[in-house]
Structures are given as structure tokens and as C-alpha cells.
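Here's data_31.pdb, which has PDB, C-alpha atoms:
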ATOM      1  CA  MET Z  23      -4.309 -55.767  78.495
ATOM      2  CA  THR Z  24      -6.620 -54.750  81.311
ATOM      3  CA  VAL Z  25      -8.523 -57.393  83.236
ATOM      4  CA  ASN Z  26     -11.815 -56.178  81.768
ATOM      5  CA  ASP Z  27     -10.603 -56.226  78.182
ATOM      6  CA  PRO Z  28     -13.524 -57.217  75.914
ATOM      7  CA  PHE Z  29     -11.128 -59.308  73.837
ATOM      8  CA  SER Z  30     -10.293 -61.675  76.718
ATOM      9  CA  SER Z  31     -12.180 -64.484  75.002
ATOM     10  CA  SER Z  32     -10.254 -64.100  71.748
ATOM     11  CA  LEU Z  33      -6.983 -64.250  73.693
ATOM     12  CA  GLN Z  34      -8.042 -67.454  75.453
ATOM     13  CA  LEU Z  35      -9.602 -69.267  72.504
ATOM     14  CA  THR Z  36      -8.465 -70.540  69.135
ATOM     15  CA  ASP Z  37     -10.292 -69.515  65.956
ATOM     16  CA  GLU Z  38     -12.313 -72.715  66.355
ATOM     17  CA  GLY Z  39     -13.368 -71.745  69.889
ATOM     18  CA  ARG Z  40     -11.079 -74.195  71.684
ATOM     19  CA  LEU Z  41      -9.274 -73.260  74.879
ATOM     20  CA  LYS Z  42      -5.584 -72.325  74.452
ATOM     21  CA  HIS Z  43      -5.122 -70.286  77.680
ATOM     22  CA  PHE Z  44      -7.285 -70.260  80.813
ATOM     23  CA  LEU Z  45      -7.114 -66.755  82.236
ATOM     24  CA  THR Z  46     -10.633 -65.772  83.267
ATOM     25  CA  LEU Z  47     -14.223 -66.923  82.907
ATOM     26  CA  ASP Z  48     -15.141 -63.617  81.257
ATOM     27  CA  GLY Z  49     -16.240 -64.205  77.686
ATOM     28  CA  LEU Z  50     -16.560 -67.993  78.023
ATOM     29  CA  ASP Z  51     -19.996 -69.392  77.261
ATOM     30  CA  ARG Z  52     -22.066 -72.077  78.961
ATOM     31  CA  ASP Z  53     -21.152 -74.756  76.424
ATOM     32  CA  LEU Z  54     -17.432 -74.335  77.069
ATOM     33  CA  LEU Z  55     -17.835 -74.318  80.849
ATOM     34  CA  THR Z  56     -19.968 -77.447  80.594
ATOM     35  CA  ASP Z  57     -17.298 -79.050  78.408
ATOM     36  CA  ILE Z  58     -14.710 -78.336  81.121
ATOM     37  CA  LEU Z  59     -16.971 -79.911  83.757
ATOM     38  CA  ASP Z  60     -17.667 -82.965  81.588
ATOM     39  CA  THR Z  61     -13.951 -83.424  80.871
ATOM     40  CA  ALA Z  62     -13.173 -83.101  84.581
ATOM     41  CA  ASP Z  63     -15.829 -85.716  85.350
ATOM     42  CA  SER Z  64     -14.015 -88.126  83.037
ATOM     43  CA  PHE Z  65     -10.779 -87.636  85.028
ATOM     44  CA  ILE Z  66     -12.209 -88.259  88.497
ATOM     45  CA  GLU Z  67     -11.821 -92.028  88.207
ATOM     46  CA  VAL Z  68      -8.095 -91.623  87.456
ATOM     47  CA  GLY Z  69      -7.569 -90.788  91.129
ATOM     48  CA  ALA Z  70      -9.044 -94.144  92.144
ATOM     49  CA  ARG Z  71      -6.675 -96.195  89.978
ATOM     50  CA  SER Z  72      -3.648 -98.010  91.331
ATOM     51  CA  ILE Z  73      -1.583 -96.164  88.688
ATOM     52  CA  LYS Z  74      -2.932 -92.626  88.630
ATOM     53  CA  LYS Z  75      -1.755 -91.542  85.197
ATOM     54  CA  VAL Z  76      -2.998 -90.885  81.671
ATOM     55  CA  PRO Z  77      -0.620 -89.997  78.807
ATOM     56  CA  LEU Z  78      -2.269 -86.805  77.534
ATOM     57  CA  LEU Z  79       0.670 -84.506  78.400
ATOM     58  CA  ARG Z  80       3.470 -87.032  78.031
ATOM     59  CA  GLY Z  81       6.604 -85.252  76.823
ATOM     60  CA  ARG Z  82       5.227 -81.820  77.781
ATOM     61  CA  THR Z  83       6.831 -79.531  80.376
ATOM     62  CA  VAL Z  84       4.660 -77.622  82.854
ATOM     63  CA  VAL Z  85       6.227 -74.855  84.961
ATOM     64  CA  ASN Z  86       4.517 -73.726  88.179
ATOM     65  CA  LEU Z  87       5.222 -70.012  88.649
ATOM     66  CA  PHE Z  88       3.809 -69.020  92.035
ATOM     67  CA  PHE Z  89       4.688 -65.451  92.944
ATOM     68  CA  GLU Z  90       2.338 -65.749  95.931
ATOM     69  CA  ALA Z  91       2.404 -68.390  98.647
ATOM     70  CA  SER Z  92       0.128 -71.364  98.055
ATOM     71  CA  THR Z  93      -0.156 -74.904  99.307
ATOM     72  CA  ARG Z  94      -3.445 -76.375  98.095
ATOM     73  CA  THR Z  95      -3.582 -74.767  94.640
ATOM     74  CA  ARG Z  96       0.069 -75.386  93.858
ATOM     75  CA  SER Z  97       0.013 -79.009  95.032
ATOM     76  CA  THR Z  98      -3.188 -79.823  93.108
ATOM     77  CA  PHE Z  99      -1.775 -78.286  89.923
ATOM     78  CA  GLU Z 100       1.398 -80.324  90.388
ATOM     79  CA  LEU Z 101      -0.578 -83.527  90.946
ATOM     80  CA  ALA Z 102      -2.819 -82.745  87.965
ATOM     81  CA  ALA Z 103       0.167 -82.249  85.660
ATOM     82  CA  LYS Z 104       1.851 -85.437  86.875
ATOM     83  CA  ARG Z 105      -1.351 -87.454  86.443
ATOM     84  CA  LEU Z 106      -1.382 -86.215  82.850
ATOM     85  CA  SER Z 107       2.216 -87.550  82.573
ATOM     86  CA  ALA Z 108       3.819 -84.119  82.156
ATOM     87  CA  ASP Z 109       7.279 -83.167  83.397
ATOM     88  CA  VAL Z 110       6.793 -80.568  86.152
ATOM     89  CA  LEU Z 111       9.112 -77.783  87.281
ATOM     90  CA  ASN Z 112       8.223 -75.855  90.446
ATOM     91  CA  LEU Z 113      10.113 -72.568  90.261
ATOM     92  CA  ASP Z 114      11.075 -71.183  93.663
ATOM     93  CA  ILE Z 115      10.575 -67.476  93.045
ATOM     94  CA  SER Z 116      12.393 -66.481  96.249
ATOM     95  CA  THR Z 117      15.638 -68.000  94.916
ATOM     96  CA  SER Z 118      15.064 -67.484  91.188
ATOM     97  CA  ALA Z 119      16.807 -64.957  88.968
ATOM     98  CA  THR Z 120      13.881 -62.542  89.402
ATOM     99  CA  SER Z 121      14.951 -62.081  93.036
ATOM    100  CA  LYS Z 122      18.419 -61.122  91.758
ATOM    101  CA  GLY Z 123      17.197 -58.351  89.490
ATOM    102  CA  GLU Z 124      16.200 -60.200  86.316
ATOM    103  CA  THR Z 125      12.895 -58.994  84.845
ATOM    104  CA  LEU Z 126       9.874 -61.261  84.803
ATOM    105  CA  SER Z 127       9.863 -61.126  80.991
ATOM    106  CA  ASP Z 128      13.462 -62.328  80.782
ATOM    107  CA  THR Z 129      12.785 -65.151  83.240
ATOM    108  CA  LEU Z 130       9.796 -66.317  81.216
ATOM    109  CA  LEU Z 131      11.609 -66.045  77.894
ATOM    110  CA  ASN Z 132      14.439 -68.173  79.276
ATOM    111  CA  LEU Z 133      11.950 -70.791  80.458
ATOM    112  CA  GLU Z 134      10.305 -70.744  77.028
ATOM    113  CA  ALA Z 135      13.721 -71.267  75.439
ATOM    114  CA  MET Z 136      14.001 -74.440  77.526
ATOM    115  CA  ALA Z 137      11.006 -75.773  75.562
ATOM    116  CA  SER Z 138       8.427 -75.248  78.301
ATOM    117  CA  ASP Z 139       4.883 -75.870  77.099
ATOM    118  CA  MET Z 140       2.725 -74.442  79.891
ATOM    119  CA  PHE Z 141       3.039 -71.896  82.699
ATOM    120  CA  VAL Z 142       0.737 -72.077  85.708
ATOM    121  CA  VAL Z 143       0.852 -68.553  87.127
ATOM    122  CA  ARG Z 144      -0.200 -67.120  90.480
ATOM    123  CA  HIS Z 145       0.586 -63.435  90.949
ATOM    124  CA  SER Z 146      -0.390 -60.622  93.300
ATOM    125  CA  GLN Z 147      -0.950 -58.232  90.379
ATOM    126  CA  SER Z 148      -4.335 -58.390  88.652
ATOM    127  CA  GLY Z 149      -3.868 -59.066  84.956
ATOM    128  CA  ALA Z 150      -0.391 -60.620  85.190
ATOM    129  CA  PRO Z 151      -1.389 -63.892  83.427
ATOM    130  CA  HIS Z 152      -3.111 -61.846  80.668
ATOM    131  CA  PHE Z 153       0.078 -59.822  80.182
ATOM    132  CA  ILE Z 154       2.171 -62.971  79.948
ATOM    133  CA  ALA Z 155      -0.182 -64.666  77.487
ATOM    134  CA  GLU Z 156      -0.541 -61.629  75.247
ATOM    135  CA  THR Z 157       2.882 -60.005  75.205
ATOM    136  CA  VAL Z 158       5.581 -62.260  76.674
ATOM    137  CA  THR Z 159       5.118 -65.916  75.742
ATOM    138  CA  PRO Z 160       1.958 -66.249  73.602
ATOM    139  CA  GLY Z 161       3.128 -69.635  72.314
ATOM    140  CA  VAL Z 162       3.065 -71.142  75.816
ATOM    141  CA  ALA Z 163      -0.269 -72.151  77.354
ATOM    142  CA  ILE Z 164      -0.930 -69.903  80.365
ATOM    143  CA  ILE Z 165      -3.170 -71.091  83.201
ATOM    144  CA  ASN Z 166      -4.253 -68.504  85.762
ATOM    145  CA  ALA Z 167      -3.877 -69.889  89.292
ATOM    146  CA  GLY Z 168      -5.101 -66.614  90.827
ATOM    147  CA  ASP Z 169      -4.191 -62.998  90.065
ATOM    148  CA  GLY Z 170      -4.633 -60.165  92.545
ATOM    149  CA  ARG Z 171      -8.294 -59.481  93.238
ATOM    150  CA  HIS Z 172      -9.238 -60.320  89.663
ATOM    151  CA  ALA Z 173      -9.856 -64.014  89.040
ATOM    152  CA  HIS Z 174      -9.289 -67.596  90.152
ATOM    153  CA  PRO Z 175     -10.999 -69.511  87.337
ATOM    154  CA  THR Z 176      -9.923 -73.060  88.197
ATOM    155  CA  GLN Z 177     -11.164 -72.646  91.785
ATOM    156  CA  ALA Z 178     -14.520 -71.473  90.461
ATOM    157  CA  MET Z 179     -14.757 -74.437  88.098
ATOM    158  CA  LEU Z 180     -13.943 -77.018  90.771
ATOM    159  CA  ASP Z 181     -16.663 -75.394  92.864
ATOM    160  CA  MET Z 182     -19.074 -75.691  89.924
ATOM    161  CA  LEU Z 183     -18.177 -79.365  89.513
ATOM    162  CA  THR Z 184     -18.847 -79.951  93.219
ATOM    163  CA  ILE Z 185     -22.222 -78.210  93.011
ATOM    164  CA  ARG Z 186     -23.227 -80.213  89.941
ATOM    165  CA  GLN Z 187     -22.242 -83.486  91.607
ATOM    166  CA  HIS Z 188     -24.434 -82.784  94.634
ATOM    167  CA  LYS Z 189     -27.310 -80.885  93.023
ATOM    168  CA  GLY Z 190     -27.526 -82.451  89.566
ATOM    169  CA  SER Z 191     -27.961 -79.188  87.663
ATOM    170  CA  PHE Z 192     -27.725 -75.432  88.164
ATOM    171  CA  SER Z 193     -31.265 -74.609  87.115
ATOM    172  CA  GLY Z 194     -33.376 -73.265  89.986
ATOM    173  CA  LEU Z 195     -30.528 -73.081  92.493
ATOM    174  CA  ARG Z 196     -30.158 -70.232  94.956
ATOM    175  CA  VAL Z 197     -26.549 -69.697  96.003
ATOM    176  CA  ALA Z 198     -25.153 -67.526  98.803
ATOM    177  CA  VAL Z 199     -21.546 -66.297  98.784
ATOM    178  CA  VAL Z 200     -20.622 -65.111 102.264
ATOM    179  CA  GLY Z 201     -17.758 -63.075 103.686
ATOM    180  CA  ASP Z 202     -14.888 -61.066 102.261
ATOM    181  CA  ILE Z 203     -16.208 -60.330  98.778
ATOM    182  CA  LEU Z 204     -14.065 -57.189  98.420
ATOM    183  CA  HIS Z 205     -10.704 -58.936  98.374
ATOM    184  CA  SER Z 206     -11.790 -62.277  96.902
ATOM    185  CA  ARG Z 207     -10.801 -63.203  93.364
ATOM    186  CA  VAL Z 208     -12.563 -66.509  94.008
ATOM    187  CA  ALA Z 209     -15.919 -64.779  94.563
ATOM    188  CA  ARG Z 210     -15.686 -62.868  91.287
ATOM    189  CA  SER Z 211     -14.998 -66.037  89.318
ATOM    190  CA  GLN Z 212     -17.690 -67.984  91.183
ATOM    191  CA  ILE Z 213     -20.342 -65.343  90.468
ATOM    192  CA  ARG Z 214     -19.355 -65.278  86.789
ATOM    193  CA  ALA Z 215     -19.525 -69.077  86.535
ATOM    194  CA  LEU Z 216     -22.834 -69.362  88.399
ATOM    195  CA  ASN Z 217     -24.484 -66.772  86.168
ATOM    196  CA  THR Z 218     -23.133 -68.377  83.002
ATOM    197  CA  LEU Z 219     -24.339 -71.820  84.076
ATOM    198  CA  GLY Z 220     -27.826 -70.504  84.814
ATOM    199  CA  VAL Z 221     -28.557 -70.515  88.546
ATOM    200  CA  GLU Z 222     -31.755 -68.806  89.621
ATOM    201  CA  GLU Z 223     -30.256 -66.403  92.164
ATOM    202  CA  ILE Z 224     -26.913 -65.390  93.670
ATOM    203  CA  ARG Z 225     -26.795 -63.542  96.984
ATOM    204  CA  VAL Z 226     -23.656 -62.021  98.451
ATOM    205  CA  ILE Z 227     -23.770 -61.632 102.218
ATOM    206  CA  ALA Z 228     -21.209 -59.391 103.885
ATOM    207  CA  PRO Z 229     -20.682 -56.186 105.858
ATOM    208  CA  ALA Z 230     -20.603 -53.063 103.695
ATOM    209  CA  THR Z 231     -16.859 -52.655 104.335
ATOM    210  CA  LEU Z 232     -16.158 -56.013 102.644
ATOM    211  CA  LEU Z 233     -18.198 -55.379  99.496
ATOM    212  CA  PRO Z 234     -16.899 -53.730  96.293
ATOM    213  CA  ASN Z 235     -18.841 -50.649  95.202
ATOM    214  CA  ASP Z 236     -19.998 -52.273  91.966
ATOM    215  CA  VAL Z 237     -20.841 -55.694  93.402
ATOM    216  CA  GLU Z 238     -24.417 -55.775  92.042
ATOM    217  CA  SER Z 239     -23.086 -55.211  88.515
ATOM    218  CA  LEU Z 240     -21.544 -58.683  88.761
ATOM    219  CA  GLY Z 241     -25.054 -60.140  88.659
ATOM    220  CA  CYS Z 242     -25.973 -60.758  92.282
ATOM    221  CA  LYS Z 243     -28.136 -59.422  95.095
ATOM    222  CA  VAL Z 244     -26.663 -57.923  98.258
ATOM    223  CA  GLU Z 245     -27.719 -58.878 101.772
ATOM    224  CA  TYR Z 246     -26.173 -57.419 104.908
ATOM    225  CA  ASP Z 247     -28.106 -59.645 107.321
ATOM    226  CA  MET Z 248     -26.973 -63.275 107.492
ATOM    227  CA  ALA Z 249     -30.286 -64.673 108.752
ATOM    228  CA  ARG Z 250     -32.306 -63.043 106.000
ATOM    229  CA  GLY Z 251     -29.725 -63.859 103.337
ATOM    230  CA  LEU Z 252     -29.637 -67.605 104.045
ATOM    231  CA  ARG Z 253     -33.364 -68.264 103.771
ATOM    232  CA  ASP Z 254     -34.285 -70.629 100.887
ATOM    233  CA  ILE Z 255     -30.613 -71.098  99.951
ATOM    234  CA  ASP Z 256     -29.406 -74.353  98.335
ATOM    235  CA  VAL Z 257     -25.636 -73.733  98.339
ATOM    236  CA  ILE Z 258     -23.564 -71.700 100.808
ATOM    237  CA  ILE Z 259     -20.046 -70.703  99.775
ATOM    238  CA  MET Z 260     -18.061 -69.286 102.696
ATOM    239  CA  LEU Z 261     -14.991 -67.182 101.906
ATOM    240  CA  ARG Z 262     -11.726 -66.751 103.769
ATOM    241  CA  LEU Z 263     -10.996 -63.375 105.332
ATOM    242  CA  GLN Z 264      -8.151 -62.047 103.182
ATOM    243  CA  ARG Z 265      -6.164 -60.445 105.982
ATOM    244  CA  GLU Z 266      -3.057 -60.097 103.815
ATOM    245  CA  ARG Z 267      -4.926 -57.848 101.368
ATOM    246  CA  MET Z 268      -6.785 -55.717 103.887
ATOM    247  CA  GLU Z 269      -5.815 -52.086 104.408
ATOM    248  CA  GLY Z 270      -7.215 -50.132 107.329
ATOM    249  CA  ALA Z 271      -9.791 -51.147 109.909
ATOM    250  CA  LEU Z 272     -12.412 -52.922 107.792
ATOM    251  CA  LEU Z 273     -13.619 -55.078 110.694
ATOM    252  CA  PRO Z 274     -14.148 -54.251 114.377
ATOM    253  CA  SER Z 275     -12.770 -57.691 115.313
ATOM    254  CA  GLU Z 276     -12.738 -61.283 114.108
ATOM    255  CA  ARG Z 277     -14.974 -62.216 117.036
ATOM    256  CA  GLU Z 278     -17.577 -59.685 115.915
ATOM    257  CA  PHE Z 279     -17.314 -60.874 112.311
ATOM    258  CA  TYR Z 280     -17.943 -64.447 113.428
ATOM    259  CA  ARG Z 281     -20.940 -63.410 115.511
ATOM    260  CA  LEU Z 282     -22.562 -61.661 112.553
ATOM    261  CA  TYR Z 283     -21.290 -63.582 109.507
ATOM    262  CA  GLY Z 284     -19.694 -66.816 110.698
ATOM    263  CA  LEU Z 285     -21.559 -69.974 109.704
ATOM    264  CA  ASN Z 286     -22.713 -72.093 112.629
ATOM    265  CA  GLN Z 287     -25.366 -74.775 112.929
ATOM    266  CA  ASP Z 288     -28.099 -72.335 113.931
ATOM    267  CA  LYS Z 289     -27.531 -70.165 110.859
ATOM    268  CA  LEU Z 290     -27.200 -73.192 108.574
ATOM    269  CA  ALA Z 291     -30.630 -74.360 109.768
ATOM    270  CA  LEU Z 292     -32.148 -71.264 108.113
ATOM    271  CA  ALA Z 293     -31.184 -72.539 104.649
ATOM    272  CA  ASN Z 294     -32.992 -75.293 102.742
ATOM    273  CA  PRO Z 295     -32.670 -78.750 104.358
ATOM    274  CA  GLY Z 296     -30.501 -80.138 101.560
ATOM    275  CA  CYS Z 297     -28.183 -77.123 101.466
ATOM    276  CA  ILE Z 298     -24.500 -77.898 100.926
ATOM    277  CA  VAL Z 299     -21.647 -75.910 102.525
ATOM    278  CA  MET Z 300     -18.487 -75.004 100.635
ATOM    279  CA  HIS Z 301     -15.239 -73.154 101.380
ATOM    280  CA  PRO Z 302     -12.286 -72.624  99.009
ATOM    281  CA  GLY Z 303      -9.809 -72.923 101.894
ATOM    282  CA  PRO Z 304      -7.772 -72.557 103.888
ATOM    283  CA  ILE Z 305     -10.450 -72.463 106.584
ATOM    284  CA  ASN Z 306     -10.230 -70.170 109.592
ATOM    285  CA  ARG Z 307     -12.276 -72.175 112.069
ATOM    286  CA  GLY Z 308     -14.161 -70.057 114.540
ATOM    287  CA  VAL Z 309     -13.814 -67.018 112.278
ATOM    288  CA  GLU Z 310     -15.692 -67.917 109.083
ATOM    289  CA  ILE Z 311     -17.177 -71.257 110.041
ATOM    290  CA  GLU Z 312     -17.517 -73.474 113.099
ATOM    291  CA  SER Z 313     -15.952 -76.919 113.105
ATOM    292  CA  ALA Z 314     -19.303 -78.668 113.570
ATOM    293  CA  VAL Z 315     -20.393 -77.264 110.194
ATOM    294  CA  ALA Z 316     -17.040 -77.585 108.379
ATOM    295  CA  ASP Z 317     -16.856 -81.265 109.373
ATOM    296  CA  GLY Z 318     -20.601 -81.914 109.302
ATOM    297  CA  PRO Z 319     -22.803 -83.916 106.930
ATOM    298  CA  GLN Z 320     -23.698 -80.905 104.748
ATOM    299  CA  SER Z 321     -20.077 -79.927 104.164
ATOM    300  CA  VAL Z 322     -18.568 -80.793 100.766
ATOM    301  CA  ILE Z 323     -15.244 -79.050 101.413
ATOM    302  CA  LEU Z 324     -13.117 -82.177 100.954
ATOM    303  CA  SER Z 325     -14.980 -82.962  97.727
ATOM    304  CA  GLN Z 326     -13.841 -79.562  96.482
ATOM    305  CA  VAL Z 327     -10.222 -80.554  97.104
ATOM    306  CA  THR Z 328     -10.625 -83.847  95.243
ATOM    307  CA  ASN Z 329     -12.385 -82.137  92.361
ATOM    308  CA  GLY Z 330      -9.609 -79.549  92.134
ATOM    309  CA  ILE Z 331      -7.246 -82.126  90.675
ATOM    310  CA  ALA Z 332      -9.768 -83.310  88.069
ATOM    311  CA  VAL Z 333     -10.701 -79.771  86.993
ATOM    312  CA  ARG Z 334      -7.081 -78.747  86.653
ATOM    313  CA  MET Z 335      -6.363 -81.876  84.625
ATOM    314  CA  ALA Z 336      -9.263 -80.912  82.347
ATOM    315  CA  VAL Z 337      -8.146 -77.314  81.863
ATOM    316  CA  MET Z 338      -4.504 -78.226  81.291
ATOM    317  CA  SER Z 339      -5.264 -80.955  78.771
ATOM    318  CA  MET Z 340      -7.780 -78.777  76.901
ATOM    319  CA  ALA Z 341      -5.432 -75.764  76.753
ATOM    320  CA  MET Z 342      -2.550 -77.894  75.525
ATOM    321  CA  SER Z 343      -4.743 -79.444  72.849
ATOM    322  CA  GLY Z 344      -5.842 -75.962  71.773
ATOM    323  CA  GLN Z 345      -2.244 -74.751  71.575
ATOM    324  CA  VAL Z 346      -1.281 -77.725  69.395
ATOM    325  CA  SER Z 347      -4.273 -77.065  67.145
ATOM    326  CA  GLU Z 348      -3.332 -73.378  66.871
ATOM    327  CA  ARG Z 349       0.285 -74.161  65.975
ATOM    328  CA  SER Z 350      -0.836 -76.616  63.320
ATOM    329  CA  ARG Z 351      -3.176 -74.025  61.809
ATOM    330  CA  MET Z 352      -0.469 -71.353  61.754
ATOM    331  CA  ALA Z 353       2.040 -73.768  60.242
ATOM    332  CA  ALA Z 354      -0.445 -74.705  57.520
ATOM    333  CA  GLU Z 355      -1.117 -71.031  56.779
ATOM    334  CA  GLY Z 356       2.630 -70.342  56.629
ATOM    335  CA  ALA Z 357       3.067 -73.186  54.168
ATOM    336  CA  GLY Z 358       0.239 -71.874  52.036
ATOM    337  CA  VAL Z 359      -1.923 -74.935  52.599
TER     338      VAL Z 359
END

When written as C-alpha cells, how does the structure in this file appear?
Amino acid sequence: MTVNDPFSSSLQLTDEGRLKHFLTLDGLDRDLLTDILDTADSFIEVGARSIKKVPLLRGRTVVNLFFEASTRTRSTFELAAKRLSADVLNLDISTSATSKGETLSDTLLNLEAMASDMFVVRHSQSGAPHFIAETVTPGVAIINAGDGRHAHPTQAMLDMLTIRQHKGSFSGLRVAVVGDILHSRVARSQIRALNTLGVEEIRVIAPATLLPNDVESLGCKVEYDMARGLRDIDVIIMLRLQRERMEGALLPSEREFYRLYGLNQDKLALANPGCIVMHPGPINRGVEIESAVADGPQSVILSQVTNGIAVRMAVMSMAMSGQVSERSRMAAEGAGV
């Protein structure tokens, strides 16, 4: 399956339209995204309890398969699974059988044979979670924790939850996404989510070397000038420079990038007074954003981290419920019911 496969929604959803995998936001409608946000809202208070657990995934086994390094995403997925009362296995890819020559398919099939119920997958290859869900272990719920330059759907949804908390609704909002759009799977998922949820305008602000050729086809306007791009903006989403994915000299220097596209207090003052500032992390201070802004009153970056656990709890519980529903339907059909 390619990442732009028009049947992505049918792969992710049951016949009744319930989530059974969470691979991409492509093909998911506003009602389903709103349902994810509402479910996440219901989980936020779990983090404030003395015992931070609910029994929704009790007896289920969740395997974190991170083929790329991650701290924040991996730890929030692990916390989310544990708060849902799941058993969690963090597979160390560097010491797993795949590093000894075993194929990815064989590794996954062996994990499935151990009665695993869900794989949380981060991979450097775009489309890897789709491949796993469609051809390797379709009976295991697959959650995409970021694949190549393609998608990072849970990050986008925790960003949407943060925006809704601070702005009330998406209607009428103008949102700016600033920085390394070319290499950012987060930006692609954010733009998809923002358009689906009905914001008024999305602007991407970046140098031409950090923009994909087809960026406007994603449903956004392009601005190359930071000062012009930030006027009348309600939400600013800064992106990390993806140095590990860059090839060639795309930037003259980090200092020059910060001068032109880094967010400081003077540039923030050009946006609407109530504008909020976001960043998916990790932050490169003095490269993408100055500390006075990252730690300032308009920053909601730590709220994003908190909301990441709730959103991932929502997605995991909904996908597991959808898988159970799908198995029950198939069993009934097999029995001729």
C-alpha cells in the first residue's frame, strides 16, 4: 500500500466506521476526529488521580516498536498504555532479532504469536505501519507513531486538542505552521487535521528550500516572509529543524535561519494578541524559538505534552474496541449468524 492509497480509510475503519488502526488522518472525517478529541478530554482527569489507571485495556498486550529514536513519543505511549491497564513491552530494536538478520515480518509474526494485541510503530520508512496493518498482522491494532516524512497522526491530534482547549473551536482560526515543512511528518498531519476540523486559514512559513513542491495542494497558503505571514494569526506552530533527514545545503546556517524564521518576542507581537505558541518538540532554543517565547505566557508547549497522553489513551482504547468489534463480526459471519 502506498501512503496516498485512497483506501486508507477502509483499512483503518471497521464496516461500522469505528477505528481499528490509526495510521493516518487521510480519509477520516470531522465527526471521527471530534470523537477522538472528546474521548481524550474524558481521559485528562485520569492524570490528576492518585491512582492513574482505568481498566479499558486490562489483559491486553501493547508492544512499542520504535525503529527510530524517540523519548517523548515513546514515553507518552507507554504511559498511555499503562494508564489503560495494558501490559507493555518496549522492544529494543538494536538488540532484537531484526538486528541479527531476522526479517521485520518474522519478528512481527512472532510477537503476534505471543498474543500481542497492539503494535505502536515508529519507522523511518513512509508507509511502514500501513504495510504492517495490511499485509503482516492485520489482526493486531496498529498505531502509527510516525513514519518517514508521511504522517504523525497522534501528534497532530494532541495539537488539535490543545488548540481546542485554548481557543474553544476551530471555526474562524488562522493558523501558521513555521519552519521545516519539507521533512516534517507532523506538519502534514497537522494541516490535514486543521482542514478537516474547519479552520479558516492555514499558512506555512518557510524558506523555499524547506517546502515540498506540492505544499499548496495540502490545503494551505505559502508565505516566505515571517513578518507578513504572522499578521492576524491565532495559533503559531513552530517545527523542529529535521537535521537528520536533510541532504545537501538546504540552509546557509542555523544563525541565519533563526534571524529570518526563528520566533522571538518581536515577531510574536505581529500576531493577534491572544495567539498561542506551539512546538511538537524537542525544541532547539535559539534556532527555532527563543526561550522567552518558549517559556512565556503565550506558550502552550507543556500542555501539548500533557495532552499527548490523553490523546494516545483515546486512540488506543478506540482502536482496541474497533478490533474487538471486527473480530466479533467476523466470528458471527463464520458461524452463519

Given the file above and the PyMOL selection byres ((chain Z and resi 326-342) around 8), which residues are selected, and can you give them as a CSV table (one decimal) with C-alpha atoms, keeping the file's coordinate frame?
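Generated file (selection-v8.csv):
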chain,number,residue,atom,x,y,z
Z,40,ARG,CA,-11.1,-74.2,71.7
Z,41,LEU,CA,-9.3,-73.3,74.9
Z,42,LYS,CA,-5.6,-72.3,74.5
Z,43,HIS,CA,-5.1,-70.3,77.7
Z,44,PHE,CA,-7.3,-70.3,80.8
Z,58,ILE,CA,-14.7,-78.3,81.1
Z,59,LEU,CA,-17.0,-79.9,83.8
Z,61,THR,CA,-14.0,-83.4,80.9
Z,62,ALA,CA,-13.2,-83.1,84.6
Z,63,ASP,CA,-15.8,-85.7,85.4
Z,65,PHE,CA,-10.8,-87.6,85.0
Z,66,ILE,CA,-12.2,-88.3,88.5
Z,78,LEU,CA,-2.3,-86.8,77.5
Z,79,LEU,CA,0.7,-84.5,78.4
Z,98,THR,CA,-3.2,-79.8,93.1
Z,99,PHE,CA,-1.8,-78.3,89.9
Z,101,LEU,CA,-0.6,-83.5,90.9
Z,102,ALA,CA,-2.8,-82.7,88.0
Z,103,ALA,CA,0.2,-82.2,85.7
Z,105,ARG,CA,-1.4,-87.5,86.4
Z,106,LEU,CA,-1.4,-86.2,82.8
Z,139,ASP,CA,4.9,-75.9,77.1
Z,140,MET,CA,2.7,-74.4,79.9
Z,163,ALA,CA,-0.3,-72.2,77.4
Z,165,ILE,CA,-3.2,-71.1,83.2
Z,176,THR,CA,-9.9,-73.1,88.2
Z,177,GLN,CA,-11.2,-72.6,91.8
Z,179,MET,CA,-14.8,-74.4,88.1
Z,180,LEU,CA,-13.9,-77.0,90.8
Z,181,ASP,CA,-16.7,-75.4,92.9
Z,183,LEU,CA,-18.2,-79.4,89.5
Z,184,THR,CA,-18.8,-80.0,93.2
Z,300,MET,CA,-18.5,-75.0,100.6
Z,302,PRO,CA,-12.3,-72.6,99.0
Z,322,VAL,CA,-18.6,-80.8,100.8
Z,323,ILE,CA,-15.2,-79.0,101.4
Z,324,LEU,CA,-13.1,-82.2,101.0
Z,325,SER,CA,-15.0,-83.0,97.7
Z,343,SER,CA,-4.7,-79.4,72.8
Z,344,GLY,CA,-5.8,-76.0,71.8
Z,345,GLN,CA,-2.2,-74.8,71.6
Z,346,VAL,CA,-1.3,-77.7,69.4

How many Å separate CA of Gly308 in chain Z from CA of Leu285 in chain Z? 8.8 Å

Counting only C-alpha atoms, which residue out of Z:Ile154, Z:Met136, Z:Leu54, Z:Leu126 sits closest to Thr83 in chain Z?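 Of the candidates, the smallest distance to Thr83 in chain Z is held by Z:Met136.
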
Restricting to all atoms listed in the file, whichever of Z:Ala135, Z:Val143, Z:Leu232, Z:Ile115 is closest to Arg96 in chain Z is Z:Val143

Given the PyMOL selection byres ((chain Z and resi 200) around 12) and the file above, list the residues it selects as a PyMOL selection string. chain Z and resi 197-199+201-204+206+208-209+212-213+224-229+232-233+243-249+251-252+255+257-263+279-280+282-285+299-302+310-311

Best match for closeness to Pro151 in chain Z among Z:Asn217, Z:Gln34, Z:Ser350, Z:Ser193, counting all atoms listed in the file: Z:Gln34

re CA of Leu33 in chain Z and CA of Leu45 in chain Z: distance 8.9 Å

Please provide as a PyMOL selection string all residues within 6 Å of Arg207 in chain Z, with the sequence filter that same-chain residues fewer than 5 positions apart are discarded (counting all atoms listed in the file). chain Z and resi 171-174
